[in-house]
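For reference, coords-v1.txt is printed below; it contains compact mmCIF, C-alpha atoms.
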```txt
# COMPACT_ATOMS: atom_id res chain seq x y z
CA MET A 1 0.00 0.00 0.00
CA GLN A 2 2.82 2.38 0.91
CA GLN A 3 4.55 1.65 -2.42
CA ILE A 4 1.36 2.54 -4.31
CA GLN A 5 1.10 5.83 -2.37
CA LEU A 6 4.70 6.68 -3.26
CA PHE A 7 3.98 5.95 -6.91
CA GLY A 8 0.92 8.18 -6.56
CA PHE A 9 3.00 11.11 -5.31
CA LEU A 10 5.57 10.55 -8.06
CA SER A 11 2.90 10.47 -10.74
CA LEU A 12 1.17 13.58 -9.38
CA GLY A 13 4.47 15.45 -9.39
CA PHE A 14 5.09 14.30 -12.93
CA ILE A 15 1.64 15.53 -13.98
CA VAL A 16 2.15 18.97 -12.41
CA LEU A 17 5.50 19.39 -14.16
CA ALA A 18 3.99 18.11 -17.41
CA VAL A 19 1.26 20.77 -17.32
CA VAL A 20 3.95 23.45 -17.05
CA TRP A 21 6.68 22.07 -19.29
CA LEU A 22 5.15 19.93 -22.03
CA PRO A 23 3.22 22.72 -23.82
CA VAL A 24 6.61 24.33 -24.54
CA LEU A 25 8.09 21.06 -25.80
CA LEU A 26 5.03 20.22 -27.89
CA GLN A 27 4.90 23.47 -29.86
CA ARG A 28 6.30 21.78 -32.96
CA SER A 29 5.10 18.27 -32.17
CA PRO A 30 1.99 16.56 -33.59
CA LEU A 31 1.29 15.14 -30.12
CA SER A 32 -0.97 16.93 -27.65
CA LEU A 33 -0.86 17.10 -23.87
CA PRO A 34 -4.09 15.03 -23.51
CA ILE A 35 -2.61 12.25 -25.67
CA LEU A 36 0.49 12.09 -23.48
CA ALA A 37 -1.62 12.20 -20.30
CA VAL A 38 -3.69 9.21 -21.43
CA ALA A 39 -0.54 7.36 -22.53
CA PHE A 40 1.14 8.05 -19.18
CA GLY A 41 -1.90 6.80 -17.27
CA TYR A 42 -2.01 3.66 -19.40
CA VAL A 43 1.67 2.85 -18.82
CA PHE A 44 1.56 3.74 -15.11
CA PHE A 45 -1.48 1.58 -14.30
CA LEU A 46 -0.71 -1.32 -16.67
CA PRO A 47 1.34 -3.39 -14.16
CA MET A 48 -1.09 -2.79 -11.30
CA PRO A 49 -3.90 -5.13 -10.22
CA SER A 50 -7.19 -4.56 -12.03
CA ASP A 51 -9.22 -2.00 -10.06
CA ARG A 52 -11.04 0.30 -12.46
CA PHE A 53 -11.06 3.76 -10.90
CA PHE A 54 -14.07 5.06 -12.81
CA ALA A 55 -16.22 2.05 -11.95
CA THR A 56 -14.93 1.44 -8.42
CA TYR A 57 -14.94 5.07 -7.30
CA SER A 58 -17.85 6.33 -9.38
CA MET A 59 -18.91 9.03 -6.92
CA ALA A 60 -15.37 10.45 -6.64
CA THR A 61 -15.17 10.32 -10.44
CA GLU A 62 -18.40 12.28 -10.78
CA VAL A 63 -17.31 14.99 -8.31
CA LEU A 64 -13.84 15.35 -9.87
CA LEU A 65 -15.29 15.64 -13.37
CA GLU A 66 -17.95 18.06 -12.19
CA PHE A 67 -15.31 20.32 -10.66
CA VAL A 68 -13.10 20.46 -13.75
CA LEU A 69 -16.11 21.15 -15.99
CA VAL A 70 -17.16 24.08 -13.80
CA ILE A 71 -13.67 25.60 -14.06
CA ALA A 72 -13.38 24.85 -17.79
CA VAL A 73 -16.75 26.44 -18.58
CA MET A 74 -15.73 29.51 -16.57
CA GLY A 75 -12.53 29.79 -18.59
CA ALA A 76 -14.39 29.40 -21.88
CA GLY A 77 -16.81 32.17 -20.99
CA LEU A 78 -14.08 34.57 -19.91
CA LYS A 79 -12.22 34.38 -23.22
CA VAL A 80 -15.18 35.02 -25.54
CA ASP A 81 -14.73 38.64 -26.62
CA ARG A 82 -17.88 38.82 -28.73
CA ARG A 83 -20.88 40.46 -27.06
CA PHE A 84 -24.18 38.61 -26.77
CA GLY A 85 -26.59 39.03 -29.67
CA LEU A 86 -28.89 37.03 -31.94
CA ASN A 87 -26.90 37.88 -35.06
CA ARG A 88 -23.45 38.07 -33.50
CA TRP A 89 -23.89 34.61 -31.94
CA SER A 90 -25.83 33.09 -34.85
CA SER A 91 -23.39 30.20 -35.30
CA THR A 92 -23.76 29.32 -31.61
CA TRP A 93 -27.55 29.33 -31.73
CA ARG A 94 -27.50 27.14 -34.83
CA LEU A 95 -25.17 24.64 -33.17
CA LEU A 96 -27.18 24.51 -29.96
CA GLY A 97 -30.73 25.00 -31.22
CA LEU A 98 -30.53 22.90 -34.39
CA GLY A 99 -27.29 20.95 -34.50
CA MET A 100 -27.39 19.45 -31.00
CA PRO A 101 -31.04 18.21 -31.11
CA LEU A 102 -30.40 16.70 -34.56
CA ALA A 103 -27.27 14.96 -33.26
CA ILE A 104 -29.16 13.64 -30.23
CA ALA A 105 -31.92 12.25 -32.44
CA GLY A 106 -29.35 10.65 -34.76
CA ILE A 107 -27.32 9.13 -31.90
CA ALA A 108 -30.47 7.70 -30.30
CA ALA A 109 -31.60 6.20 -33.62
CA CYS A 110 -28.17 4.63 -34.19
CA GLY A 111 -28.17 3.33 -30.63
CA VAL A 112 -31.37 1.42 -31.38
CA TRP A 113 -30.40 0.36 -34.90
CA ILE A 114 -26.70 -0.51 -34.48
CA LEU A 115 -26.37 -1.38 -30.78
CA ASP A 116 -29.86 -2.93 -30.30
CA LEU A 117 -30.43 -0.71 -27.27
CA PRO A 118 -33.94 -0.15 -25.92
CA ALA A 119 -35.20 3.28 -26.98
CA THR A 120 -34.97 4.61 -23.41
CA GLU A 121 -31.30 3.61 -23.06
CA ALA A 122 -30.57 5.04 -26.50
CA VAL A 123 -32.00 8.42 -25.44
CA LEU A 124 -29.82 8.37 -22.32
CA LEU A 125 -26.71 7.51 -24.38
CA ALA A 126 -27.54 10.32 -26.83
CA GLY A 127 -27.78 12.82 -23.99
CA ILE A 128 -24.45 11.63 -22.57
CA LEU A 129 -22.74 12.01 -25.95
CA ALA A 130 -24.41 15.33 -26.83
CA PRO A 131 -21.87 17.80 -25.37
CA THR A 132 -18.65 18.73 -27.08
CA ASP A 133 -15.73 19.26 -24.75
CA PRO A 134 -14.36 22.60 -23.49
CA VAL A 135 -11.19 20.90 -22.23
CA LEU A 136 -10.01 18.68 -25.09
CA ALA A 137 -11.13 21.35 -27.59
CA SER A 138 -8.84 24.05 -26.16
CA ASN A 139 -6.57 23.91 -29.24
CA VAL A 140 -9.46 24.89 -31.54
CA GLN A 141 -10.88 27.63 -29.33
CA VAL A 142 -10.30 31.37 -29.13
CA GLY A 143 -7.28 32.80 -27.33
CA PRO A 144 -7.17 34.62 -23.98
CA PRO A 145 -9.43 37.65 -23.34
CA GLY A 146 -8.71 40.60 -25.61
CA VAL A 147 -6.48 38.67 -28.00
CA GLY A 148 -9.20 38.45 -30.62
CA GLU A 149 -11.72 35.88 -31.71
CA GLU A 150 -9.38 34.37 -34.30
CA GLY A 151 -12.18 33.50 -36.73
CA GLU A 152 -15.71 32.17 -36.75
CA VAL A 153 -14.64 28.54 -36.35
CA ARG A 154 -12.84 29.20 -33.07
CA PHE A 155 -15.67 31.37 -31.74
CA ALA A 156 -18.36 28.84 -32.65
CA LEU A 157 -16.49 25.90 -31.08
CA THR A 158 -15.69 27.85 -27.90
CA SER A 159 -19.20 29.15 -27.29
CA GLU A 160 -20.75 25.79 -28.18
CA ALA A 161 -18.48 23.85 -25.84
CA GLY A 162 -19.06 26.39 -23.07
CA LEU A 163 -22.84 26.03 -23.23
CA ASN A 164 -23.68 22.54 -24.39
CA ASP A 165 -22.21 20.77 -21.36
CA GLY A 166 -25.06 22.33 -19.41
CA LEU A 167 -27.64 22.11 -22.19
CA ALA A 168 -27.08 18.35 -22.52
CA TYR A 169 -28.28 17.90 -18.94
CA PRO A 170 -32.03 17.93 -19.70
CA PHE A 171 -31.59 15.20 -22.32
CA VAL A 172 -29.68 13.05 -19.83
CA ILE A 173 -32.52 13.66 -17.37
CA LEU A 174 -35.04 12.68 -20.06
CA GLY A 175 -33.23 9.39 -20.63
CA LEU A 176 -33.14 8.64 -16.91
CA LEU A 177 -36.83 9.51 -16.54
CA LEU A 178 -37.83 7.25 -19.42
CA MET A 179 -35.77 4.39 -17.97
CA GLY A 180 -37.32 4.78 -14.53
CA HIS A 181 -40.96 5.49 -15.44
CA PRO A 182 -43.49 4.38 -18.05
CA LEU A 183 -43.82 6.73 -21.02
CA GLN A 184 -46.69 9.17 -20.42
CA ALA A 185 -47.70 12.50 -21.93
CA GLU A 186 -47.63 14.07 -18.47
CA LEU A 187 -44.02 12.96 -17.97
CA ILE A 188 -42.89 14.55 -21.24
CA GLU A 189 -44.88 17.73 -20.55
CA ASN A 190 -43.39 18.09 -17.07
CA TRP A 191 -39.90 17.49 -18.48
CA GLY A 192 -40.40 20.14 -21.17
CA LEU A 193 -41.71 22.78 -18.75
CA VAL A 194 -39.45 22.12 -15.77
CA ASP A 195 -36.26 20.40 -16.90
CA LEU A 196 -35.99 22.13 -20.26
CA LEU A 197 -37.52 25.60 -19.99
CA TRP A 198 -37.44 26.51 -16.30
CA LYS A 199 -34.02 25.14 -15.41
CA ILE A 200 -32.31 26.65 -18.47
CA GLY A 201 -34.06 30.02 -18.04
CA ALA A 202 -33.29 30.12 -14.32
CA ALA A 203 -29.63 29.26 -14.99
CA VAL A 204 -29.27 32.11 -17.49
CA ALA A 205 -30.92 34.49 -15.01
CA VAL A 206 -28.58 33.46 -12.19
CA GLY A 207 -25.55 33.87 -14.43
CA LEU A 208 -26.62 37.32 -15.60
CA VAL A 209 -27.48 38.56 -12.11
CA VAL A 210 -24.28 37.29 -10.47
CA GLY A 211 -22.05 38.32 -13.37
CA ARG A 212 -23.44 41.85 -13.57
CA GLY A 213 -23.59 42.12 -9.80
CA ILE A 214 -19.93 41.24 -9.32
CA THR A 215 -18.71 43.70 -11.96
CA ALA A 216 -21.05 46.46 -10.72
CA ILE A 217 -19.90 46.10 -7.12
CA ASN A 218 -16.26 45.89 -8.15
CA GLN A 219 -16.51 49.09 -10.22
CA ARG A 220 -18.44 51.16 -7.68
CA ILE A 221 -16.61 50.53 -4.42
CA PRO A 222 -13.41 52.50 -3.63
CA LYS A 223 -10.54 51.39 -5.84
CA GLN A 224 -8.35 50.12 -3.01
CA PHE A 225 -11.08 47.64 -1.95
CA ARG A 226 -11.87 46.24 -5.38
CA LEU A 227 -11.47 42.55 -6.12
CA SER A 228 -9.41 43.46 -9.17
CA GLN A 229 -6.80 45.01 -6.85
CA SER A 230 -6.10 41.67 -5.20
CA GLU A 231 -3.94 40.49 -8.12
CA ASN A 232 -5.17 36.99 -7.33
CA GLY A 233 -6.49 35.14 -10.33
CA LEU A 234 -8.06 32.42 -8.18
CA ALA A 235 -11.11 34.68 -8.00
CA SER A 236 -12.31 32.95 -11.18
CA ALA A 237 -12.57 29.61 -9.37
CA GLY A 238 -14.40 31.28 -6.50
CA VAL A 239 -16.89 32.99 -8.82
CA ALA A 240 -17.42 29.78 -10.80
CA LEU A 241 -18.16 27.71 -7.70
CA LEU A 242 -20.36 30.47 -6.25
CA VAL A 243 -22.47 30.72 -9.40
CA TYR A 244 -22.65 26.96 -9.82
CA GLY A 245 -23.78 26.47 -6.24
CA ALA A 246 -26.37 29.25 -6.45
CA ALA A 247 -27.87 27.80 -9.63
CA GLU A 248 -27.95 24.25 -8.33
CA LEU A 249 -29.55 25.50 -5.10
CA ILE A 250 -32.65 26.57 -7.05
CA HIS A 251 -32.46 23.39 -9.18
CA ALA A 252 -31.19 25.18 -12.29
CA TYR A 253 -28.32 24.04 -14.52
CA GLY A 254 -25.11 25.22 -12.89
CA LEU A 255 -22.87 24.88 -15.95
CA VAL A 256 -25.15 27.12 -18.02
CA ALA A 257 -25.15 29.68 -15.21
CA VAL A 258 -21.34 29.61 -14.95
CA PHE A 259 -20.81 30.22 -18.66
CA THR A 260 -23.40 33.01 -18.66
CA ALA A 261 -21.77 34.68 -15.65
CA ALA A 262 -18.28 34.38 -17.14
CA SER A 263 -19.35 35.87 -20.48
CA THR A 264 -21.19 38.65 -18.66
CA ILE A 265 -18.11 39.49 -16.59
CA ARG A 266 -15.96 39.50 -19.74
CA ASN A 267 -18.37 41.86 -21.53
CA THR A 268 -18.99 44.27 -18.64
CA THR A 269 -15.63 44.60 -16.89
CA LYS A 270 -13.43 47.57 -17.71
CA ASN A 271 -10.22 45.95 -16.47
CA LEU A 272 -9.01 43.72 -19.31
CA ASN A 273 -5.72 42.91 -17.59
CA TYR A 274 -7.51 41.49 -14.55
CA THR A 275 -9.83 39.47 -16.81
CA ARG A 276 -6.72 37.97 -18.40
CA ASP A 277 -5.28 37.19 -14.98
CA ILE A 278 -8.36 35.37 -13.72
CA HIS A 279 -8.72 33.52 -17.02
CA SER A 280 -5.11 32.38 -16.77
CA SER A 281 -5.71 31.13 -13.25
CA ALA A 282 -8.83 29.24 -14.30
CA GLU A 283 -6.93 27.69 -17.19
CA GLN A 284 -4.11 26.50 -14.91
CA VAL A 285 -6.51 24.85 -12.46
CA GLU A 286 -8.43 23.30 -15.37
CA GLN A 287 -5.25 21.92 -16.96
CA LEU A 288 -3.98 20.39 -13.74
CA VAL A 289 -7.22 18.59 -12.86
CA SER A 290 -8.06 17.60 -16.43
CA ILE A 291 -4.62 16.05 -17.00
CA LEU A 292 -5.06 14.09 -13.77
CA ILE A 293 -8.45 12.84 -14.99
CA LEU A 294 -7.06 11.92 -18.41
CA ALA A 295 -4.25 9.99 -16.72
CA LEU A 296 -6.88 8.11 -14.72
CA PHE A 297 -8.75 7.53 -17.98
CA GLY A 298 -5.56 6.03 -19.41
CA GLY A 299 -5.39 3.85 -16.31
CA ALA A 300 -8.98 2.72 -16.89
CA LEU A 301 -8.00 1.73 -20.44
CA ALA A 302 -5.09 -0.28 -19.08
CA GLU A 303 -7.44 -1.98 -16.64
CA GLY A 304 -9.77 -3.11 -19.43
CA LEU A 305 -12.31 -0.31 -19.89
CA ILE A 306 -12.74 -1.10 -23.59
CA ALA A 307 -11.22 -4.60 -23.64
CA SER A 308 -14.51 -6.30 -24.60
CA LEU A 309 -15.36 -3.79 -27.33
CA ASP A 310 -17.20 -5.38 -30.25
CA PHE A 311 -17.43 -4.46 -33.93
CA ARG A 312 -20.85 -2.79 -33.67
CA GLU A 313 -19.67 -0.49 -30.89
CA VAL A 314 -16.67 0.60 -32.96
CA VAL A 315 -18.94 1.31 -35.94
CA PHE A 316 -21.28 3.27 -33.68
CA ALA A 317 -18.41 5.36 -32.31
CA LEU A 318 -17.11 6.19 -35.79
CA ILE A 319 -20.59 7.16 -37.00
CA VAL A 320 -21.19 9.41 -33.99
CA LEU A 321 -17.95 11.35 -34.48
CA PHE A 322 -17.47 11.39 -38.23
CA VAL A 323 -20.97 11.13 -39.71
CA LEU A 324 -23.63 12.38 -37.29
CA ARG A 325 -21.68 15.36 -35.99
CA PRO A 326 -20.77 16.78 -39.44
CA ALA A 327 -24.24 16.04 -40.82
CA SER A 328 -26.06 17.71 -37.92
CA VAL A 329 -23.84 20.81 -38.18
CA LEU A 330 -24.35 21.11 -41.94
CA LEU A 331 -28.11 20.82 -41.49
CA GLY A 332 -28.01 23.33 -38.64
CA PHE A 333 -26.06 25.79 -40.80
CA ALA A 334 -28.36 25.42 -43.80
CA ARG A 335 -29.08 28.78 -45.48
CA SER A 336 -26.63 30.57 -43.19
CA ARG A 337 -24.15 33.23 -44.29
CA HIS A 338 -21.15 31.22 -43.10
CA PRO A 339 -18.89 29.84 -45.87
CA MET A 340 -18.55 26.10 -46.42
CA PRO A 341 -14.99 25.82 -44.95
CA VAL A 342 -16.35 27.17 -41.64
CA ARG A 343 -19.24 24.71 -41.64
CA LEU A 344 -16.99 21.76 -42.48
CA ALA A 345 -14.42 22.65 -39.82
CA VAL A 346 -17.04 23.15 -37.10
CA GLY A 347 -18.68 19.88 -38.12
CA PHE A 348 -15.39 18.00 -38.04
CA PHE A 349 -14.42 19.07 -34.51
CA GLY A 350 -17.20 17.27 -32.64
CA ILE A 351 -14.88 16.48 -29.74
CA ARG A 352 -16.33 14.35 -26.94
CA GLY A 353 -14.50 14.27 -23.66
CA LEU A 354 -14.86 15.01 -19.97
CA GLY A 355 -18.50 16.12 -20.26
CA SER A 356 -19.52 12.71 -21.58
CA LEU A 357 -17.46 10.97 -18.89
CA TYR A 358 -19.19 13.13 -16.26
CA TYR A 359 -22.69 12.33 -17.46
CA THR A 360 -21.79 8.63 -17.62
CA ALA A 361 -20.72 8.66 -13.98
CA TYR A 362 -23.82 10.70 -13.08
CA ALA A 363 -26.21 8.30 -14.83
CA ILE A 364 -24.59 5.24 -13.25
CA ASN A 365 -24.68 6.80 -9.79
CA GLU A 366 -28.38 7.55 -10.28
CA GLY A 367 -28.93 3.82 -10.73
CA HIS A 368 -30.72 3.88 -14.11
CA ALA A 369 -27.92 3.26 -16.58
CA GLY A 370 -28.90 -0.17 -17.92
CA ASP A 371 -25.57 -1.96 -18.42
CA PRO A 372 -22.90 0.26 -16.74
CA GLU A 373 -19.98 -1.77 -18.15
CA ARG A 374 -21.23 -1.36 -21.70
CA LEU A 375 -22.01 2.32 -21.19
CA TRP A 376 -18.47 3.01 -19.96
CA ARG A 377 -17.10 0.99 -22.87
CA ILE A 378 -19.02 2.90 -25.55
CA VAL A 379 -18.32 6.32 -24.07
CA GLY A 380 -14.70 5.34 -23.38
CA VAL A 381 -13.90 4.43 -27.00
CA ILE A 382 -15.50 7.65 -28.27
CA VAL A 383 -13.46 9.74 -25.83
CA LEU A 384 -10.29 7.84 -26.76
CA LEU A 385 -10.91 8.47 -30.47
CA SER A 386 -11.48 12.15 -29.68
CA VAL A 387 -8.23 12.42 -27.73
CA VAL A 388 -6.17 10.78 -30.47
CA VAL A 389 -7.82 11.95 -33.72
CA TYR A 390 -8.51 15.54 -32.72
CA GLY A 391 -5.31 15.82 -30.70
CA LEU A 392 -3.29 15.02 -33.83
CA SER A 393 -5.40 17.02 -36.29
CA ALA A 394 -6.32 20.19 -34.34
CA GLY A 395 -3.01 21.99 -34.89
CA PRO A 396 -2.61 21.39 -38.64
CA VAL A 397 -6.30 21.99 -39.45
CA MET A 398 -6.54 25.20 -37.43
CA ASP A 399 -3.25 26.49 -38.85
CA MET A 400 -4.63 25.96 -42.35
CA LEU A 401 -7.90 27.73 -41.49
CA ASP A 402 -6.04 30.63 -39.87
CA ARG A 403 -3.93 31.06 -43.01
CA MET A 404 -7.04 31.01 -45.18
CA ARG A 405 -8.79 33.55 -42.96
CA LYS A 406 -5.81 35.92 -42.96
CA ALA A 407 -5.43 35.61 -46.73
CA HIS A 408 -9.05 36.74 -47.22
CA THR A 409 -8.90 39.50 -44.58
CA PRO A 410 -8.35 42.98 -46.13
```

Exercise: express the given structure as structure tokens:
Amino acid sequence: MQQIQLFGFLSLGFIVLAVVWLPVLLQRSPLSLPILAVAFGYVFFLPMPSDRFFATYSMATEVLLEFVLVIAVMGAGLKVDRRFGLNRWSSTWRLLGLGMPLAIAGIAACGVWILDLPATEAVLLAGILAPTDPVLASNVQVGPPGVGEEGEVRFALTSEAGLNDGLAYPFVILGLLLMGHPLQAELIENWGLVDLLWKIGAAVAVGLVVGRGITAINQRIPKQFRLSQSENGLASAGVALLVYGAAELIHAYGLVAVFTAASTIRNTTKNLNYTRDIHSSAEQVEQLVSILILALFGGALAEGLIASLDFREVVFALIVLFVLRPASVLLGFARSRHPMPVRLAVGFFGIRGLGSLYYTAYAINEGHAGDPERLWRIVGVIVLLSVVVYGLSAGPVMDMLDRMRKAHTP
């Protein structure tokens, strides 16, 4: 036991140093930090006795994933420079209002057709796989606050990933409800009014109120007492947890509230330097915890998470990532003003990651997940494909798009 603890300290120290050092070393490398984190976890846990962390410590897994998502969503909201607006955020609304429901419907249909899942389990799986990831997608997102949006593709992927982790929640709830209760019109009506409309609306309201309130107070009190004078970027984590807790207290979606609050703070604060500081702090916390989780994910792979994967599950995973995601985005962007390269790039980067792992742990802990081993296996292979495929392709594809955008910018 003591030897395992020592290995734990060594691995944690390695992870902390990796978060700081590897981004510098990987600037010209096709490998990404998430790929190396998963590989390290796989190698580290391979010689150990089989004890799947995600399955054995499902509650700790859920809490750890929940925490990193809260911080990641806060960071995504802080770096979006574009102000709210129907037209200015049109790509976001298309991705969330059209693309995500279409993808959920397609995933559920494929779950029934390819995996022979009952319709209720297929709906739950679709909700789990609905969100794109704000952590693994960091290479295709916008830069720090005030740097510039760096193109429509980066803006669309950042805003989508920041919001759809929370907006996937009602569809996960719908799947759990259908698995636990007989299908009735009253059940669907109550879900639509409460879980869909009320909880999303309340979350947006909490985010707006807290975000505007914090910036208003900070700007009106004497300068020497302002939060921005503290020079402590950890305020972002405090604000994120405060907003998340307030939203969850009234049974609203905390992740939606956090992104709304972060975007509101970014768009109302007058101190850009402090916004950059708190974003940097949020990013550092997010990187540290996410790399730890990805190392544990690598350990779960070593311990047999996807060892019994069958051909149908591989086909399903490939269709979800490389057929349903691009198709749903293209349909969502139909008759839009955005050029085809933007639509194709946004459709390609349908990265699934920590959000899907979180909802898997949540569904299993709720006790209505059907076959937990199979659910972990399906979600695990999709996350692994996302880590590898998008980790290798994000840099080259985004570099090409950036060159194209600059060439067409007057």

Would you mind reading off the distance between CA of Leu125 (chain A) and CA of Leu354 (chain A), one decimal, in Å?
-> 14.7 Å

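Taking CA of Leu324 (chain A) and CA of Ile114 (chain A) as endpoints, the distance between them is 13.5 Å.
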
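Distance annotation: of A:Ala237, A:Ala37, A:Ala261, A:Cys110, the residue with the minimal separation from Val80 (chain A) is A:Ala261; atom set is only C-alpha atoms.
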
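Of note, CA of Leu309 (chain A) and CA of Phe297 (chain A) are spaced 16.1 Å apart.
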
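Distances to Tyr42 (chain A) were evaluated for A:Arg88, A:Phe316, A:Gly299, A:Asp371 using all atoms listed in the file, and the minimum falls at A:Gly299.
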
From the set A:Phe45, A:Phe67, A:Phe40, A:Phe311, which residue has the shortest atom-to-atom contact distance to Val258 (chain A), counting only C-alpha atoms?
-> A:Phe67

Polymer residues at most 12 Å from Gly106 (chain A), only C-alpha atoms, same-chain spacing of 2 or more positions, as a ChimeraX atom specification | /A:99-104,108-114,122-123,125-127,129-130,316,319-321,323-328

Convert the current residue selection to file output with C-alpha atoms, as a compact mmCIF listing (two decimals), keeping the file's coordinate frame.
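Produced file selection_3.txt, reproduced below:
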```
# COMPACT_ATOMS: atom_id res chain seq x y z
CA GLY A 99 -27.29 20.95 -34.50
CA MET A 100 -27.39 19.45 -31.00
CA PRO A 101 -31.04 18.21 -31.11
CA LEU A 102 -30.40 16.70 -34.56
CA ALA A 103 -27.27 14.96 -33.26
CA ILE A 104 -29.16 13.64 -30.23
CA ALA A 108 -30.47 7.70 -30.30
CA ALA A 109 -31.60 6.20 -33.62
CA CYS A 110 -28.17 4.63 -34.19
CA GLY A 111 -28.17 3.33 -30.63
CA VAL A 112 -31.37 1.42 -31.38
CA TRP A 113 -30.40 0.36 -34.90
CA ILE A 114 -26.70 -0.51 -34.48
CA ALA A 122 -30.57 5.04 -26.50
CA VAL A 123 -32.00 8.42 -25.44
CA LEU A 125 -26.71 7.51 -24.38
CA ALA A 126 -27.54 10.32 -26.83
CA GLY A 127 -27.78 12.82 -23.99
CA LEU A 129 -22.74 12.01 -25.95
CA ALA A 130 -24.41 15.33 -26.83
CA PHE A 316 -21.28 3.27 -33.68
CA ILE A 319 -20.59 7.16 -37.00
CA VAL A 320 -21.19 9.41 -33.99
CA LEU A 321 -17.95 11.35 -34.48
CA VAL A 323 -20.97 11.13 -39.71
CA LEU A 324 -23.63 12.38 -37.29
CA ARG A 325 -21.68 15.36 -35.99
CA PRO A 326 -20.77 16.78 -39.44
CA ALA A 327 -24.24 16.04 -40.82
CA SER A 328 -26.06 17.71 -37.92
```

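Within the 8 Å cut-off around Leu136 (chain A), using all atoms listed in the file and omitting residues fewer than 2 positions from it on the same chain, the listed residues are Pro34, Asp133, Pro134, Ser138, Asn139, Ile351, Arg352, Gly353, Leu354, Val387 and Gly391 of chain A.
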
Excluding region 241-256 of chain A and its own-chain neighbours fewer than 4 positions away, which residues fall within 12 Å of it when counting all atoms listed in the file? Please give them as an mmCIF file with C-alpha atoms, in the coordinates of the input.
```cif
data_model
loop_
_atom_site.group_PDB
_atom_site.id
_atom_site.type_symbol
_atom_site.label_atom_id
_atom_site.label_comp_id
_atom_site.auth_asym_id
_atom_site.auth_seq_id
_atom_site.Cartn_x
_atom_site.Cartn_y
_atom_site.Cartn_z
ATOM 1 C CA GLU A 66 -17.950 18.060 -12.190
ATOM 2 C CA PHE A 67 -15.310 20.320 -10.660
ATOM 3 C CA VAL A 68 -13.100 20.460 -13.750
ATOM 4 C CA LEU A 69 -16.110 21.150 -15.990
ATOM 5 C CA VAL A 70 -17.160 24.080 -13.800
ATOM 6 C CA ILE A 71 -13.670 25.600 -14.060
ATOM 7 C CA ALA A 72 -13.380 24.850 -17.790
ATOM 8 C CA VAL A 73 -16.750 26.440 -18.580
ATOM 9 C CA MET A 74 -15.730 29.510 -16.570
ATOM 10 C CA GLY A 75 -12.530 29.790 -18.590
ATOM 11 C CA ALA A 76 -14.390 29.400 -21.880
ATOM 12 C CA GLY A 77 -16.810 32.170 -20.990
ATOM 13 C CA PRO A 131 -21.870 17.800 -25.370
ATOM 14 C CA PRO A 134 -14.360 22.600 -23.490
ATOM 15 C CA SER A 159 -19.200 29.150 -27.290
ATOM 16 C CA GLU A 160 -20.750 25.790 -28.180
ATOM 17 C CA ALA A 161 -18.480 23.850 -25.840
ATOM 18 C CA GLY A 162 -19.060 26.390 -23.070
ATOM 19 C CA LEU A 163 -22.840 26.030 -23.230
ATOM 20 C CA ASN A 164 -23.680 22.540 -24.390
ATOM 21 C CA ASP A 165 -22.210 20.770 -21.360
ATOM 22 C CA GLY A 166 -25.060 22.330 -19.410
ATOM 23 C CA LEU A 167 -27.640 22.110 -22.190
ATOM 24 C CA ALA A 168 -27.080 18.350 -22.520
ATOM 25 C CA TYR A 169 -28.280 17.900 -18.940
ATOM 26 C CA PRO A 170 -32.030 17.930 -19.700
ATOM 27 C CA ILE A 173 -32.520 13.660 -17.370
ATOM 28 C CA VAL A 194 -39.450 22.120 -15.770
ATOM 29 C CA ASP A 195 -36.260 20.400 -16.900
ATOM 30 C CA LEU A 196 -35.990 22.130 -20.260
ATOM 31 C CA LEU A 197 -37.520 25.600 -19.990
ATOM 32 C CA TRP A 198 -37.440 26.510 -16.300
ATOM 33 C CA LYS A 199 -34.020 25.140 -15.410
ATOM 34 C CA ILE A 200 -32.310 26.650 -18.470
ATOM 35 C CA GLY A 201 -34.060 30.020 -18.040
ATOM 36 C CA ALA A 202 -33.290 30.120 -14.320
ATOM 37 C CA ALA A 203 -29.630 29.260 -14.990
ATOM 38 C CA VAL A 204 -29.270 32.110 -17.490
ATOM 39 C CA ALA A 205 -30.920 34.490 -15.010
ATOM 40 C CA VAL A 206 -28.580 33.460 -12.190
ATOM 41 C CA GLY A 207 -25.550 33.870 -14.430
ATOM 42 C CA LEU A 208 -26.620 37.320 -15.600
ATOM 43 C CA VAL A 209 -27.480 38.560 -12.110
ATOM 44 C CA VAL A 210 -24.280 37.290 -10.470
ATOM 45 C CA GLY A 211 -22.050 38.320 -13.370
ATOM 46 C CA ARG A 212 -23.440 41.850 -13.570
ATOM 47 C CA GLY A 213 -23.590 42.120 -9.800
ATOM 48 C CA ILE A 214 -19.930 41.240 -9.320
ATOM 49 C CA LEU A 234 -8.060 32.420 -8.180
ATOM 50 C CA ALA A 235 -11.110 34.680 -8.000
ATOM 51 C CA SER A 236 -12.310 32.950 -11.180
ATOM 52 C CA ALA A 237 -12.570 29.610 -9.370
ATOM 53 C CA THR A 260 -23.400 33.010 -18.660
ATOM 54 C CA ALA A 261 -21.770 34.680 -15.650
ATOM 55 C CA ALA A 262 -18.280 34.380 -17.140
ATOM 56 C CA SER A 263 -19.350 35.870 -20.480
ATOM 57 C CA ALA A 282 -8.830 29.240 -14.300
ATOM 58 C CA GLY A 355 -18.500 16.120 -20.260
#
```
